[in-house]
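Colleague: Dropping the structure in here first, questions after.
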Amino acid sequence: MRLDIDILHRQGDFVLDAKLLIEESATGVFGHSGSGKSTLLRCIAGLIKPSIGRIELDGETLFDSDRRIWVPPHKRRIGVVFQEPRLFPHWTVRKNLIAGKSRRNIKPPCSEAQVVDLLRIEPLLDRSVRELSGGEKQRVSLARTLLAYPRLMLMDEPLSALDSFLKSRILPFLDRIHRELDIPTLMVSHELTELLHLSDQLVLMKGGNIVSHGTLSDVVKHDEMAELIQEKDLNHIIGHQLRGRVINDPNHHECSLSN
Ligand SMILES: Nc1ncnc2c1ncn2[C@@H]1O[C@H](COP(=O)(O)OP(=O)(O)OP(=O)(O)O)[C@@H](O)[C@H]1O
């Protein structure tokens with residue numbers, strides 16, 4: 001994956017001024033509240049049109065103010081997962097997933113069965129969304145986004161509405177998205193431990209700017225990090241080896257949405 005961003009965007013008094021080249025498969029975006037993390041993700045997704053600049057994904061220009069290029073969000077093949085799952089509450093899980101499936105003529109990077117299996121939602125397929133727990137809904141929402149076959153997944157605080165038990169249940173599923181399906185991810189979180197668990201590299205933002213980008217050991221040297229690191233993060237940081245984790249792989253079973 002190669003995501004090349006050079007944009008400037010004004011909204012009210014806030015200015016996002018971001019120049020960034022991301023080539024890693026899993027990147028975490030970190031920074032104080034109001035530093036511009038969500039705005040950056042929304043610009044990449046096409047939910048905000050930057051004032052000026054350029055965004056390229058894998059050599060395709062998604063936005064270029066000089067050349068008047070603007071690819072609308074639904075044509076970018078970028079999946080976005082928000083804090084609150086976005087599903088049709090009165091529909092069954094299966095109907096929600098079918099509605100989210102890509103109708104484009106592209107080679108699917110993964111099968112329906114793989115996605116259903118990856119997120120362990122097979123037992124939920126015929127249940128109504130409104131009967132599901134918060135964690136179950138977020139897993140269905142992730143599955144729905146994956147079935148649109150995105151070439152990049154943007155996740156904006158996907159765990160922050162969940163309690164710590166559910167977070168710990170969903171975290172391994174997020175990890176499997178790029179490890180097993182090979183879909184690059186860009187994730188915003190206030191929780192450094194979550195980002196360390198899921199990311200190869202970190203992007204640190206402050207006041208609308210990218211102030212550091214690199215491995216944890218690169219980014220942790222930045223003064224801004226001293227304010228952001230909480231006591232509970234220290235154990236994770238000490239001796240942390242990005243990507244050196246083992247994820248349980250419970251029993252594999254196949255199923256199809258059209259059952
Ligand atoms: N529609 C808007 N109009 C004007 N200002 C906005 C708008 N949306 C966001 N802002 C401002 O832009 C700045 C960046 O917001 P953004 O949501 O990107 O920050 P963030 O880093 O994601 O914050 P948080 O961690 O609290 O979610 C903030 O100062 C916010 O108040």
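Note on naming: chains are A, B, ... as they come in the structure tokens, residues start from 1 per chain, ligands start from 1 in the order shown.
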Per residue of chain A within 10 Å of ligand 1, what are the shortest atom pair and its distance in Å to one decimal, counting only C-alpha atoms and all ligand atoms, with rows by chain and residue number, as CSV?

Modeller:
```
residue,atom,partner,partner_atom_place_in_ligand_line,distance
A:His9,CA,ligand 1,12 (O),9.8
A:Arg10,CA,ligand 1,4 (C),8.1
A:Gln11,CA,ligand 1,4 (C),4.3
A:Gly12,CA,ligand 1,4 (C),4.2
A:Asp13,CA,ligand 1,5 (N),6.7
A:Phe14,CA,ligand 1,12 (O),5.1
A:Val15,CA,ligand 1,12 (O),7.5
A:Leu16,CA,ligand 1,14 (C),7.7
A:Val29,CA,ligand 1,21 (O),9.1
A:Phe30,CA,ligand 1,21 (O),8.0
A:Gly31,CA,ligand 1,21 (O),6.4
A:His32,CA,ligand 1,25 (O),6.0
A:Ser33,CA,ligand 1,25 (O),3.5
A:Gly34,CA,ligand 1,19 (O),3.5
A:Ser35,CA,ligand 1,21 (O),3.9
A:Gly36,CA,ligand 1,18 (O),3.3
A:Lys37,CA,ligand 1,21 (O),3.9
A:Ser38,CA,ligand 1,22 (O),3.7
A:Thr39,CA,ligand 1,18 (O),3.7
A:Leu40,CA,ligand 1,18 (O),6.5
A:Leu41,CA,ligand 1,18 (O),8.1
A:Arg42,CA,ligand 1,18 (O),8.3
A:Cys43,CA,ligand 1,18 (O),9.8
A:Ile48,CA,ligand 1,1 (N),9.3
A:Asp156,CA,ligand 1,22 (O),8.1
A:Glu157,CA,ligand 1,27 (O),8.1
A:Val188,CA,ligand 1,22 (O),7.8
A:Ser189,CA,ligand 1,25 (O),7.7
A:His190,CA,ligand 1,25 (O),6.8
A:Met205,CA,ligand 1,21 (O),7.7
A:Lys206,CA,ligand 1,21 (O),8.2
A:Gly207,CA,ligand 1,14 (C),8.0
A:Gly208,CA,ligand 1,14 (C),7.0
```

Colleague: Using only C-alpha atoms, which residues sit within 12 Å of region 128-134 of chain A once same-chain residues fewer than 4 positions away are excluded, as a count of residues only?

Modeller: 34

Colleague: So that I can check the surroundings of Arg76 (chain A), please list as an mmCIF file with N, CA and C atoms, in the first residue's frame every protein, DNA and RNA residue that reaches within 8 Å of it, counting only C-alpha atoms and ignoring chain neighbours fewer than 5 positions away.

Modeller:
```
data_model
loop_
_atom_site.group_PDB
_atom_site.id
_atom_site.type_symbol
_atom_site.label_atom_id
_atom_site.label_comp_id
_atom_site.auth_asym_id
_atom_site.auth_seq_id
_atom_site.Cartn_x
_atom_site.Cartn_y
_atom_site.Cartn_z
ATOM 1 N N ALA A 45 -10.965 9.420 3.323
ATOM 2 C CA ALA A 45 -12.168 8.678 2.906
ATOM 3 C C ALA A 45 -12.967 9.426 1.856
ATOM 4 N N GLY A 46 -12.758 10.748 1.756
ATOM 5 C CA GLY A 46 -13.541 11.550 0.811
ATOM 6 C C GLY A 46 -14.800 12.123 1.445
ATOM 7 N N LEU A 62 -6.794 10.455 -5.879
ATOM 8 C CA LEU A 62 -8.151 10.545 -5.340
ATOM 9 C C LEU A 62 -8.592 11.997 -5.246
ATOM 10 N N VAL A 71 -12.314 12.167 -6.509
ATOM 11 C CA VAL A 71 -13.000 10.874 -6.596
ATOM 12 C C VAL A 71 -13.969 10.800 -5.414
#
```

Colleague: List every residue of region 83-247 of chain A that DSSP, applied to the backbone of this structure, assigns to strand (DSSP E), and report them as a list in words.

Modeller: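 Output for region 83-247 of chain A, strand (DSSP E) only: Leu152, Met153, Leu154, Met155, Asp156, Thr185, Leu186, Met187, Val188, Gln201, Leu202, Val203, Leu204, Met205, Lys206, Asn209, Ile210, Val211, Ser212, His213 and Gly214 of chain A.
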